[in-house]
Amino acid sequence: MAIELLMPALSPTMEEGTLAKWMVKEGDEVKSGDIIAEIETDKATMEFEAVDEGIMGKIVVAEGTEGVKVNAVIAILVEDGEDVPEASASTSTAAAAPAAAETKAPAQAAAPAPVASDSAPDWEDGTELKPTTVREALRDAMAEEMRRDEDVFLMGEEVAEYQGAYKISQGLLDEFGAKRIIDTPITEHGFAGIGVGAAFGGLKPIVEFMTFNFAMQAIDHIINSAAKTLYMSGGQMGAPMVFRGPNGAAARVGAQHSQDYAAWYMQIPGLKVVMPYSAADAKGLMKTAIRDPNPVIFLENEILYGKSFDVPVMDDFTIPFGKAKIERAGDDVTIVSFGIGMTYALEAAEKLAEDGINAEVINLRTLRPMDMPTVLASVQKTNRCVTVEEGWPQGSVGSWIASEIMQKAFDYLDAPVITCTGKDVPMPYAANLEKHALVTTDEVVEAVKQVTYR
Amino acid sequence: MPPKKSAKPNVSAEELLGHYREMLLIRRFEEKAGQLYGMGLIGGFCHLYIGQEAVVVGLEAAAEEGDKRVTSYRDHGHMLACGMDPKGIMAELTGREGGFSKGKGGSMHMFSKEKHFYGGHGIVAAQVPLGAGLAFADKYKGNGRVTFAYFGDGAANQGQVYETYNMAELWDLPVVFVIENNQYAMGTSVQRSTKSPSLWERGAAYGIPGEEVDGMDVLKVKEAGERAVAHCRTGKGPYILEVKTYRYRGHSMSDPAKYRTREEVQKMRDERDPIEQVRDMLLTGKHASEDDLKAIDKDIKAIVNEAAEFSKESPEPALDELWTDIYAEEAV
Ligand SMILES: Cc1ncc(C[n+]2csc(CCOP(=O)(O)OP(=O)(O)O)c2C)c(N)n1
Ligand SMILES: [Mg+2]
């Protein structure tokens, strides 16, 4: 049976090329693997190997021909003693384009849906409350989940014998042993990858970064290996795990140790991103994060670790992702923040109240999924919005919120949204400069006065 | 120099025929993939495994059910050798619904939980810690499984490999690190990328034993694989195999491979071809006749053609798929 040899595509972008040279002539025997021609693309001269065996029956496109379209018949291979069939000697083009699936425009649904404007409180009235630090809340959440599920383990630098660089894993080695509380060498890229592999293999790792600054070493595994695998495997496997550690500025540790990564990770489909403010947030969200079947980025804050908040005394206290909390109700302006940004937002709200401005303060808690319904509902009431975060201004969390409000509640706005952010500079070391580099309560107050025209 | 005709009295005809079949399946599949690429049916990057077939076939012969494997973007051979359906692989290459990743992963990103194949990874050396992590999970569960983590000679210079070596030995992880030394990382020969005389010996710095293996001889690969697996399975930690092999084709489909001579490639093909070596053993040992082998060739061709047909006929994924598999609702 005669076989048509087609002009091959030799690069991802090639549409036509030059048949530079034939290495065989009509009548020659051809074996699979033989180089039969040289083809020039716009980038290089490539060898064209035979895949089939036979006799070179007819050379259809002569050497030196330019502009030969990909998939055009360039020669015909026949079996010994066979004639070249007439019909196939013409320069036909094989149909390569696949039949595209006819489907209507898909509904967009990439970001996980927030819990629709659910305003139920985190716990029932009358629940016993216990003052707890964020540090203890995180430790308790991990311990409870490790008791509940054998597959959960913690790995990171100094998490075991040293009890955690910031003492978040205090006591865990004693309770769970070295099999489940694992000290790693200082090898972020390596252990993050091992964590992702363990998650592929059916475990539920908690990977602690001593701080998120060092997760830049490992960001390839966080994004390329953890966040994208569910998609790339067509839903077969993913990485149910938590990457956690302190994020953002601590105090006086300089530029390389003081970056807020909220906006970076928030951009990634496949990741869920949590940034708790209070101890109750930390506990309820950490337990949810460990149970979530997806990779979760859990951004803690060193300055908040020692702060104490009420945490409900319950057997199993969790907070769902995608549910913001209205920390303070008001009618005059909406202030949206998260994590340590909440300290500025709440302080500003106090000061503003003295001036008779009643601010509604929303604590986002999770950035992906983000509870925009709660934000939009508030803005529809107050008609003004100010966002607060420590991260840099360009591509900030606030700029995303502003764009969402503009697109979904434009007609409700009485003033442009103002985004209060950290300054557009690497973190300076000097104490005075550092204070200026971060967002300040006064800036938030000023921004609110601007949007309320006071 | 004719291929070495080693008498292998301890190898059964059945086993040799099995190796022959599997290596031939990879070769014909890859040739077909190259052809479909040429026709514009496969796009982007497509890295062929032609010439390296004995590595994965030999090591799979040393593996047991439940053992895991993870590799780079040059992954078609690994998937075929661990028993993944050629139709699903080819359809992933053409980006169709019937592909292993529903057309969303492509040549470099394919997975099969059922066959314990954990990808297909596009970032050079990323699969090395991932493989150690799979082994970590197995050790944690105490299930006696071993993971094969395959990577290239180029990948062997990445820092994360050494971070992983250290932890794998520190924690006695049951992982076989398989360096597929095909002598080139794209256009860079090993000699131009390192002055280490051998890649496997670098494991010594971490206390990991290993050896160099002739990767063109499927039986030698299998024997070495058995030693490595025995080491891992008895709780002694990782093992390194530096398998000397050769890729006949360019790095990917668009590589004209001008960094080596045509003679160098031809010499390998003529003298060291892994499939020809087994074919020779089968014929000289009178384990099979020319006709027997022709029948196998025909069989394989039919399987590959069927895969190619399937990969053309399977529809493109529905547009809705764009928005699926980003988050899991429950454990996967
Ligand atoms: C981190 C990273 N750097 C560079 C690349 C581009 N790249 C892809 S394959 C490759 C060569 C790898 O060679 P080797 O490890 O020997 O594997 P082989 O292709 O020979 O199988 C390079 C540089 C990449 N994918 N990832
Ligand atoms: Mg290589």
# chains A, B, ... in the order shown; residues from 1 in each chain; ligands from 1
>>> select_by_dssp(residues="region 235-426 of chain A", states="strand (DSSP E or B)", output="CSV table (one decimal) with N, CA and C atoms, in the first residue's frame")
chain,number,residue,atom,x,y,z
A,241,MET,N,-2.8,20.2,51.3
A,241,MET,CA,-1.8,20.5,52.2
A,241,MET,C,-1.9,22.0,52.6
A,242,VAL,N,-1.1,22.3,53.7
A,242,VAL,CA,-1.1,23.7,54.1
A,242,VAL,C,0.4,24.2,54.1
A,243,PHE,N,0.6,25.3,53.5
A,243,PHE,CA,1.9,26.0,53.6
A,243,PHE,C,1.7,27.2,54.6
A,244,ARG,N,2.4,27.2,55.7
A,244,ARG,CA,2.1,28.2,56.7
A,244,ARG,C,3.4,28.8,57.3
A,245,GLY,N,3.2,30.0,57.9
A,245,GLY,CA,4.3,30.6,58.5
A,245,GLY,C,4.0,32.1,58.6
A,246,PRO,N,4.9,32.8,59.3
A,246,PRO,CA,4.7,34.3,59.5
A,246,PRO,C,5.0,35.0,58.1
A,272,LYS,N,-5.7,28.3,47.8
A,272,LYS,CA,-6.6,29.0,48.7
A,272,LYS,C,-5.7,29.8,49.6
A,273,VAL,N,-6.1,31.1,49.9
A,273,VAL,CA,-5.2,31.9,50.7
A,273,VAL,C,-5.9,32.5,51.9
A,274,VAL,N,-5.4,32.3,53.0
A,274,VAL,CA,-6.0,32.7,54.3
A,274,VAL,C,-5.0,33.6,55.0
A,295,PRO,N,-4.3,22.9,48.1
A,295,PRO,CA,-3.2,23.6,48.8
A,295,PRO,C,-3.6,24.9,49.3
A,296,VAL,N,-3.3,25.2,50.6
A,296,VAL,CA,-3.8,26.4,51.3
A,296,VAL,C,-2.5,27.2,51.7
A,297,ILE,N,-2.5,28.4,51.4
A,297,ILE,CA,-1.4,29.3,51.9
A,297,ILE,C,-2.0,30.0,53.1
A,298,PHE,N,-1.3,29.8,54.2
A,298,PHE,CA,-1.8,30.3,55.5
A,298,PHE,C,-0.8,31.4,56.0
A,299,LEU,N,-1.2,32.6,55.8
A,299,LEU,CA,-0.3,33.7,56.1
A,299,LEU,C,-0.5,34.3,57.5
A,300,GLU,N,0.5,34.0,58.4
A,300,GLU,CA,0.4,34.4,59.8
A,300,GLU,C,1.2,35.7,60.0
A,308,SER,N,-3.8,38.4,72.4
A,308,SER,CA,-4.8,37.5,73.0
A,308,SER,C,-6.2,37.9,72.5
A,309,PHE,N,-7.0,36.9,72.2
A,309,PHE,CA,-8.4,37.2,71.8
A,309,PHE,C,-9.2,36.1,72.4
A,310,ASP,N,-10.5,36.3,72.4
A,310,ASP,CA,-11.5,35.3,72.9
A,310,ASP,C,-11.6,34.2,71.9
A,311,VAL,N,-11.5,32.9,72.3
A,311,VAL,CA,-11.7,31.8,71.4
A,311,VAL,C,-12.8,30.9,72.1
A,312,PRO,N,-13.8,30.5,71.3
A,312,PRO,CA,-14.8,29.7,71.9
A,312,PRO,C,-14.3,28.3,72.4
A,325,LYS,N,-15.9,38.7,58.1
A,325,LYS,CA,-16.5,39.0,59.3
A,325,LYS,C,-16.7,40.5,59.5
A,326,ILE,N,-17.9,41.0,59.8
A,326,ILE,CA,-18.0,42.4,60.0
A,326,ILE,C,-17.7,42.6,61.5
A,327,GLU,N,-16.5,43.2,61.7
A,327,GLU,CA,-16.0,43.4,63.0
A,327,GLU,C,-16.6,44.5,63.7
A,328,ARG,N,-17.1,45.5,63.0
A,328,ARG,CA,-17.7,46.7,63.5
A,328,ARG,C,-18.7,47.2,62.5
A,333,VAL,N,-19.0,54.6,56.0
A,333,VAL,CA,-17.9,54.2,55.1
A,333,VAL,C,-17.5,52.7,55.4
A,334,THR,N,-17.1,52.0,54.4
A,334,THR,CA,-16.7,50.6,54.6
A,334,THR,C,-15.2,50.6,54.6
A,335,ILE,N,-14.6,50.0,55.6
A,335,ILE,CA,-13.1,49.8,55.6
A,335,ILE,C,-12.9,48.3,55.5
A,336,VAL,N,-12.2,47.9,54.5
A,336,VAL,CA,-11.9,46.5,54.3
A,336,VAL,C,-10.5,46.2,54.5
A,337,SER,N,-10.2,45.2,55.4
A,337,SER,CA,-8.8,44.8,55.6
A,337,SER,C,-8.8,43.3,56.0
A,359,ALA,N,-17.7,54.0,60.9
A,359,ALA,CA,-17.2,53.1,59.9
A,359,ALA,C,-17.6,51.7,60.1
A,360,GLU,N,-17.9,51.0,59.0
A,360,GLU,CA,-18.2,49.5,59.0
A,360,GLU,C,-16.8,48.9,58.7
A,361,VAL,N,-16.3,48.0,59.6
A,361,VAL,CA,-15.0,47.4,59.3
A,361,VAL,C,-15.2,45.9,59.0
A,362,ILE,N,-14.7,45.5,57.8
A,362,ILE,CA,-14.8,44.1,57.4
A,362,ILE,C,-13.5,43.5,57.4
A,363,ASN,N,-13.4,42.3,58.1
A,363,ASN,CA,-12.2,41.5,58.2
A,363,ASN,C,-12.4,40.4,57.1
A,366,THR,N,-10.3,35.3,54.5
A,366,THR,CA,-9.7,34.6,53.4
A,366,THR,C,-9.7,35.5,52.2
A,367,LEU,N,-8.5,35.4,51.5
A,367,LEU,CA,-8.4,36.3,50.3
A,367,LEU,C,-8.8,35.6,49.0
A,368,ARG,N,-8.7,34.2,49.1
A,368,ARG,CA,-9.1,33.4,48.0
A,368,ARG,C,-9.6,32.1,48.5
A,370,MET,N,-12.6,35.1,48.1
A,370,MET,CA,-12.8,36.3,48.8
A,370,MET,C,-14.3,36.6,48.8
A,385,CYS,N,-15.6,53.4,50.2
A,385,CYS,CA,-14.8,52.3,50.6
A,385,CYS,C,-13.3,52.6,50.7
A,386,VAL,N,-12.6,52.2,51.8
A,386,VAL,CA,-11.2,52.3,51.9
A,386,VAL,C,-10.6,50.9,52.3
A,387,THR,N,-9.6,50.5,51.6
A,387,THR,CA,-8.9,49.2,51.9
A,387,THR,C,-7.6,49.5,52.6
A,388,VAL,N,-7.2,48.5,53.5
A,388,VAL,CA,-6.0,48.7,54.3
A,388,VAL,C,-5.2,47.4,54.2
A,418,ILE,N,-10.3,54.3,48.0
A,418,ILE,CA,-8.9,54.6,48.3
A,418,ILE,C,-8.2,53.3,48.8
A,419,THR,N,-7.1,53.0,48.3
A,419,THR,CA,-6.4,51.8,48.8
A,419,THR,C,-5.2,52.3,49.7
A,420,CYS,N,-5.3,52.0,51.0
A,420,CYS,CA,-4.1,52.3,51.8
A,420,CYS,C,-3.2,51.1,51.9
>>> interface_residues(of="chain B", to="chain A", cutoff="7 Å", atoms="only C-alpha atoms", output="MDAnalysis selection string")
chainID B and resid 31 37:41 43:44 101:102 104:105 109:111 113 129:134 136:137 160 163:164 253:254 256 315:320 323 325:332
>>> write_last_selection(atoms="N, CA and C atoms", output="compact mmCIF listing (two decimals), in the first residue's frame")
# COMPACT_ATOMS: atom_id res chain seq x y z
N GLU B 31 7.66 7.27 17.43
CA GLU B 31 7.76 7.62 16.01
C GLU B 31 6.42 8.19 15.52
N TYR B 37 3.02 15.10 15.36
CA TYR B 37 3.51 16.46 15.60
C TYR B 37 3.74 17.14 14.26
N GLY B 38 4.37 16.40 13.37
CA GLY B 38 4.63 16.92 12.03
C GLY B 38 3.36 17.33 11.31
N MET B 39 2.27 16.64 11.62
CA MET B 39 1.00 16.97 10.97
C MET B 39 0.25 18.07 11.70
N GLY B 40 0.84 18.59 12.75
CA GLY B 40 0.19 19.67 13.48
C GLY B 40 -0.87 19.19 14.46
N LEU B 41 -0.95 17.88 14.66
CA LEU B 41 -1.96 17.37 15.59
C LEU B 41 -1.50 17.46 17.04
N GLY B 43 0.99 19.73 19.55
CA GLY B 43 1.61 21.05 19.53
C GLY B 43 2.59 21.25 20.66
N GLY B 44 3.19 22.42 20.67
CA GLY B 44 4.06 22.79 21.80
C GLY B 44 5.31 21.96 21.87
N SER B 101 -5.30 13.45 31.00
CA SER B 101 -5.63 14.65 31.78
C SER B 101 -6.75 15.43 31.09
N LYS B 102 -7.61 14.72 30.36
CA LYS B 102 -8.74 15.33 29.63
C LYS B 102 -8.27 16.40 28.65
N LYS B 104 -5.94 18.55 29.26
CA LYS B 104 -5.54 19.78 29.94
C LYS B 104 -4.07 19.78 30.39
N GLY B 105 -3.43 18.63 30.28
CA GLY B 105 -2.04 18.56 30.74
C GLY B 105 -1.05 18.61 29.58
N HIS B 109 2.66 16.89 31.01
CA HIS B 109 1.94 16.84 32.28
C HIS B 109 0.83 15.80 32.23
N MET B 110 1.22 14.57 32.46
CA MET B 110 0.21 13.51 32.47
C MET B 110 0.38 12.70 33.74
N PHE B 111 -0.71 12.11 34.19
CA PHE B 111 -0.70 11.42 35.48
C PHE B 111 -1.64 10.23 35.41
N LYS B 113 -3.19 7.95 38.59
CA LYS B 113 -3.18 7.48 39.96
C LYS B 113 -3.28 5.96 39.97
N PRO B 129 12.51 16.02 44.40
CA PRO B 129 11.88 16.05 45.73
C PRO B 129 10.47 15.47 45.73
N LEU B 130 9.75 15.63 44.64
CA LEU B 130 8.40 15.06 44.61
C LEU B 130 8.47 13.54 44.78
N GLY B 131 9.42 12.92 44.12
CA GLY B 131 9.59 11.47 44.23
C GLY B 131 9.97 11.08 45.66
N ALA B 132 10.85 11.88 46.26
CA ALA B 132 11.22 11.59 47.64
C ALA B 132 10.01 11.75 48.55
N GLY B 133 9.15 12.69 48.21
CA GLY B 133 7.94 12.90 49.01
C GLY B 133 6.97 11.73 48.89
N LEU B 134 6.88 11.16 47.69
CA LEU B 134 6.04 9.96 47.52
C LEU B 134 6.60 8.84 48.41
N PHE B 136 8.37 9.25 51.03
CA PHE B 136 8.10 9.66 52.41
C PHE B 136 6.71 9.16 52.83
N ALA B 137 5.73 9.37 51.96
CA ALA B 137 4.36 8.94 52.26
C ALA B 137 4.31 7.42 52.44
N GLN B 160 18.11 21.52 44.12
CA GLN B 160 17.10 20.79 44.89
C GLN B 160 17.36 19.28 44.89
N GLU B 163 19.49 18.85 48.01
CA GLU B 163 18.66 19.03 49.20
C GLU B 163 17.89 17.72 49.44
N THR B 164 17.42 17.17 48.35
CA THR B 164 16.61 15.95 48.44
C THR B 164 17.47 14.74 48.84
N MET B 253 10.89 18.35 19.57
CA MET B 253 10.67 18.25 18.14
C MET B 253 11.33 19.39 17.36
N SER B 254 11.54 20.54 18.00
CA SER B 254 12.08 21.67 17.24
C SER B 254 13.58 21.86 17.41
N PRO B 256 17.18 21.04 16.12
CA PRO B 256 17.89 20.45 14.97
C PRO B 256 19.12 19.64 15.38
N PRO B 315 -12.95 13.88 20.79
CA PRO B 315 -13.22 15.31 20.61
C PRO B 315 -12.34 16.18 21.51
N GLU B 316 -12.25 17.44 21.13
CA GLU B 316 -11.56 18.37 22.02
C GLU B 316 -12.40 18.51 23.28
N PRO B 317 -11.77 18.83 24.40
CA PRO B 317 -12.56 18.93 25.63
C PRO B 317 -13.61 20.02 25.51
N ALA B 318 -14.72 19.83 26.17
CA ALA B 318 -15.77 20.84 26.18
C ALA B 318 -15.22 22.11 26.81
N LEU B 319 -15.71 23.25 26.34
CA LEU B 319 -15.18 24.53 26.85
C LEU B 319 -15.39 24.68 28.35
N ASP B 320 -16.42 24.05 28.87
CA ASP B 320 -16.66 24.10 30.32
C ASP B 320 -15.47 23.56 31.12
N TRP B 323 -12.99 25.53 33.29
CA TRP B 323 -13.27 25.97 34.66
C TRP B 323 -13.35 24.82 35.65
N ASP B 325 -11.66 21.37 37.76
CA ASP B 325 -10.41 20.81 38.31
C ASP B 325 -9.47 21.88 38.85
N ILE B 326 -9.98 23.03 39.17
CA ILE B 326 -9.12 24.05 39.78
C ILE B 326 -9.10 23.84 41.29
N TYR B 327 -10.25 23.53 41.84
CA TYR B 327 -10.32 23.17 43.26
C TYR B 327 -11.02 21.83 43.41
N ALA B 328 -10.58 21.05 44.36
CA ALA B 328 -11.24 19.79 44.66
C ALA B 328 -12.34 20.06 45.68
N GLU B 329 -13.49 19.44 45.47
CA GLU B 329 -14.58 19.59 46.44
C GLU B 329 -14.36 18.62 47.60
N GLU B 330 -13.78 17.48 47.28
CA GLU B 330 -13.50 16.48 48.31
C GLU B 330 -12.15 15.85 47.98
N ALA B 331 -11.70 14.96 48.86
CA ALA B 331 -10.39 14.35 48.65
C ALA B 331 -10.36 13.64 47.30
N VAL B 332 -9.25 13.81 46.56
CA VAL B 332 -9.11 13.11 45.28
C VAL B 332 -8.12 11.96 45.40
>>> closest_residue(among="A:Ala215, A:Ile401, A:Met1, A:Val159", to="Glu82 (chain A)", atoms="only C-alpha atoms")
A:Met1
>>> residues_near_ligand(ligand="ligand 2", cutoff="10 Å", atoms="only C-alpha atoms and all ligand atoms", output="PyMOL selection string")
chain B and resi 74+151-156+179-190+244-247+251
>>> closest_residue(among="B:Lys222, B:Lys298, B:His78, B:Lys258", to="ligand 1", atoms="only C-alpha atoms and all ligand atoms")
B:His78
>>> atom_distance(atom1="CA of Ala228 (chain B)", atom2="CA of Thr194 (chain B)")
25.2 Å
>>> closest_residue(among="B:Ala307, B:Leu219, B:Leu17, B:Ile50", to="ligand 1", atoms="only C-alpha atoms and all ligand atoms")
B:Ile50
>>> residues_around(residues="region 272-289 of chain B", least_positions_apart="3", cutoff="6 Å", atoms="only C-alpha atoms", output="list in words")
Ala13, Ala54, Met216, Asp217, Met268, Arg269 and Asp292 of chain B
>>> closest_residue(among="B:Ala257, B:Val57, B:Ile26, B:Ala149", to="Asp85 (chain B)", atoms="only C-alpha atoms")
B:Ile26
>>> residues_around(residues="Asp67 (chain B)", least_positions_apart="6", cutoff="6 Å", atoms="only C-alpha atoms", output="ChimeraX atom specification")
/B:145-147
>>> write_last_selection(atoms="C-alpha atoms", output="PDB file, in the first residue's frame")
ATOM      1  CA  ARG B 145       6.444   0.468  48.407  1.00  0.00           C
ATOM      2  CA  VAL B 146       9.353   1.969  46.497  1.00  0.00           C
ATOM      3  CA  THR B 147       9.365   5.073  44.303  1.00  0.00           C
TER       4      THR B 147
END
>>> closest_residue(among="B:Glu65, B:Glu226, B:Glu271, B:Glu22", to="Ile300 (chain B)", atoms="only C-alpha atoms")
B:Glu22
>>> select_by_dssp(residues="region 12-168 of chain B", states="alpha helix (DSSP H)", output="PyMOL selection string")
chain B and resi 13-38+53-62+76-81+86-93+127-141+159-168
>>> closest_residue(among="B:Asp255, B:Glu309, B:Glu290, B:Glu30", to="ligand 1", atoms="only C-alpha atoms and all ligand atoms")
B:Asp255
>>> atom_distance(atom1="CA of Gly119 (chain B)", atom2="CA of Thr71 (chain B)")
6.0 Å
>>> decode(residues="region 321-330 of chain B", atoms="all heavy atoms", output="PDB file, in the first residue's frame")
ATOM      1  N   GLU B 321     -14.704  22.667  30.489  1.00  0.00           N
ATOM      2  CA  GLU B 321     -13.561  22.074  31.196  1.00  0.00           C
ATOM      3  C   GLU B 321     -12.532  23.126  31.604  1.00  0.00           C
ATOM      4  O   GLU B 321     -11.724  22.904  32.489  1.00  0.00           O
ATOM      5  CB  GLU B 321     -12.872  21.008  30.335  1.00  0.00           C
ATOM      6  CG  GLU B 321     -13.570  19.665  30.347  1.00  0.00           C
ATOM      7  CD  GLU B 321     -13.527  18.994  31.720  1.00  0.00           C
ATOM      8  OE1 GLU B 321     -12.664  19.331  32.549  1.00  0.00           O
ATOM      9  OE2 GLU B 321     -14.384  18.134  31.962  1.00  0.00           O
ATOM     10  N   LEU B 322     -12.584  24.259  30.926  1.00  0.00           N
ATOM     11  CA  LEU B 322     -11.678  25.352  31.282  1.00  0.00           C
ATOM     12  C   LEU B 322     -11.789  25.671  32.770  1.00  0.00           C
ATOM     13  O   LEU B 322     -10.815  26.019  33.419  1.00  0.00           O
ATOM     14  CB  LEU B 322     -12.044  26.589  30.456  1.00  0.00           C
ATOM     15  CG  LEU B 322     -11.170  27.828  30.622  1.00  0.00           C
ATOM     16  CD1 LEU B 322      -9.744  27.544  30.186  1.00  0.00           C
ATOM     17  CD2 LEU B 322     -11.748  28.979  29.811  1.00  0.00           C
ATOM     18  N   TRP B 323     -12.986  25.525  33.294  1.00  0.00           N
ATOM     19  CA  TRP B 323     -13.265  25.968  34.661  1.00  0.00           C
ATOM     20  C   TRP B 323     -13.346  24.825  35.650  1.00  0.00           C
ATOM     21  O   TRP B 323     -13.754  25.023  36.791  1.00  0.00           O
ATOM     22  CB  TRP B 323     -14.578  26.759  34.683  1.00  0.00           C
ATOM     23  CG  TRP B 323     -14.519  27.924  33.769  1.00  0.00           C
ATOM     24  CD1 TRP B 323     -15.113  28.044  32.545  1.00  0.00           C
ATOM     25  CD2 TRP B 323     -13.794  29.137  33.970  1.00  0.00           C
ATOM     26  NE1 TRP B 323     -14.804  29.254  31.981  1.00  0.00           N
ATOM     27  CE2 TRP B 323     -14.001  29.942  32.834  1.00  0.00           C
ATOM     28  CE3 TRP B 323     -12.990  29.612  35.010  1.00  0.00           C
ATOM     29  CZ2 TRP B 323     -13.427  31.199  32.698  1.00  0.00           C
ATOM     30  CZ3 TRP B 323     -12.429  30.869  34.870  1.00  0.00           C
ATOM     31  CH2 TRP B 323     -12.650  31.646  33.730  1.00  0.00           C
ATOM     32  N   THR B 324     -13.008  23.629  35.264  1.00  0.00           N
ATOM     33  CA  THR B 324     -13.081  22.514  36.204  1.00  0.00           C
ATOM     34  C   THR B 324     -11.694  22.119  36.692  1.00  0.00           C
ATOM     35  O   THR B 324     -10.687  22.490  36.086  1.00  0.00           O
ATOM     36  CB  THR B 324     -13.730  21.267  35.564  1.00  0.00           C
ATOM     37  OG1 THR B 324     -12.863  20.832  34.502  1.00  0.00           O
ATOM     38  CG2 THR B 324     -15.109  21.575  35.011  1.00  0.00           C
ATOM     39  N   ASP B 325     -11.659  21.367  37.757  1.00  0.00           N
ATOM     40  CA  ASP B 325     -10.415  20.812  38.314  1.00  0.00           C
ATOM     41  C   ASP B 325      -9.466  21.877  38.850  1.00  0.00           C
ATOM     42  O   ASP B 325      -8.262  21.653  38.933  1.00  0.00           O
ATOM     43  CB  ASP B 325      -9.656  19.939  37.285  1.00  0.00           C
ATOM     44  CG  ASP B 325     -10.515  18.806  36.768  1.00  0.00           C
ATOM     45  OD1 ASP B 325     -11.296  18.263  37.566  1.00  0.00           O
ATOM     46  OD2 ASP B 325     -10.412  18.475  35.576  1.00  0.00           O
ATOM     47  N   ILE B 326      -9.980  23.033  39.174  1.00  0.00           N
ATOM     48  CA  ILE B 326      -9.120  24.047  39.778  1.00  0.00           C
ATOM     49  C   ILE B 326      -9.103  23.837  41.289  1.00  0.00           C
ATOM     50  O   ILE B 326      -8.058  23.907  41.920  1.00  0.00           O
ATOM     51  CB  ILE B 326      -9.593  25.449  39.390  1.00  0.00           C
ATOM     52  CG1 ILE B 326      -9.426  25.604  37.877  1.00  0.00           C
ATOM     53  CG2 ILE B 326      -8.767  26.522  40.118  1.00  0.00           C
ATOM     54  CD1 ILE B 326     -10.171  26.719  37.267  1.00  0.00           C
ATOM     55  N   TYR B 327     -10.253  23.530  41.841  1.00  0.00           N
ATOM     56  CA  TYR B 327     -10.321  23.173  43.255  1.00  0.00           C
ATOM     57  C   TYR B 327     -11.022  21.829  43.407  1.00  0.00           C
ATOM     58  O   TYR B 327     -11.948  21.522  42.658  1.00  0.00           O
ATOM     59  CB  TYR B 327     -11.080  24.245  44.057  1.00  0.00           C
ATOM     60  CG  TYR B 327     -10.305  25.527  44.127  1.00  0.00           C
ATOM     61  CD1 TYR B 327     -10.598  26.576  43.270  1.00  0.00           C
ATOM     62  CD2 TYR B 327      -9.239  25.663  45.009  1.00  0.00           C
ATOM     63  CE1 TYR B 327      -9.852  27.752  43.305  1.00  0.00           C
ATOM     64  CE2 TYR B 327      -8.498  26.828  45.056  1.00  0.00           C
ATOM     65  CZ  TYR B 327      -8.808  27.871  44.206  1.00  0.00           C
ATOM     66  OH  TYR B 327      -8.056  29.016  44.245  1.00  0.00           O
ATOM     67  N   ALA B 328     -10.582  21.054  44.362  1.00  0.00           N
ATOM     68  CA  ALA B 328     -11.243  19.788  44.665  1.00  0.00           C
ATOM     69  C   ALA B 328     -12.336  20.057  45.684  1.00  0.00           C
ATOM     70  O   ALA B 328     -12.139  20.833  46.615  1.00  0.00           O
ATOM     71  CB  ALA B 328     -10.228  18.803  45.230  1.00  0.00           C
ATOM     72  N   GLU B 329     -13.487  19.441  45.474  1.00  0.00           N
ATOM     73  CA  GLU B 329     -14.580  19.585  46.443  1.00  0.00           C
ATOM     74  C   GLU B 329     -14.359  18.624  47.602  1.00  0.00           C
ATOM     75  O   GLU B 329     -14.734  18.862  48.725  1.00  0.00           O
ATOM     76  CB  GLU B 329     -15.927  19.286  45.781  1.00  0.00           C
ATOM     77  CG  GLU B 329     -16.341  20.326  44.742  1.00  0.00           C
ATOM     78  CD  GLU B 329     -16.385  21.749  45.306  1.00  0.00           C
ATOM     79  OE1 GLU B 329     -16.789  21.902  46.467  1.00  0.00           O
ATOM     80  OE2 GLU B 329     -15.990  22.683  44.583  1.00  0.00           O
ATOM     81  N   GLU B 330     -13.781  17.479  47.279  1.00  0.00           N
ATOM     82  CA  GLU B 330     -13.498  16.483  48.306  1.00  0.00           C
ATOM     83  C   GLU B 330     -12.151  15.852  47.982  1.00  0.00           C
ATOM     84  O   GLU B 330     -11.552  16.168  46.970  1.00  0.00           O
ATOM     85  CB  GLU B 330     -14.586  15.424  48.326  1.00  0.00           C
ATOM     86  CG  GLU B 330     -14.847  14.858  46.952  1.00  0.00           C
ATOM     87  CD  GLU B 330     -16.200  14.180  46.881  1.00  0.00           C
ATOM     88  OE1 GLU B 330     -17.201  14.863  47.133  1.00  0.00           O
ATOM     89  OE2 GLU B 330     -16.226  12.981  46.600  1.00  0.00           O
TER      90      GLU B 330
END
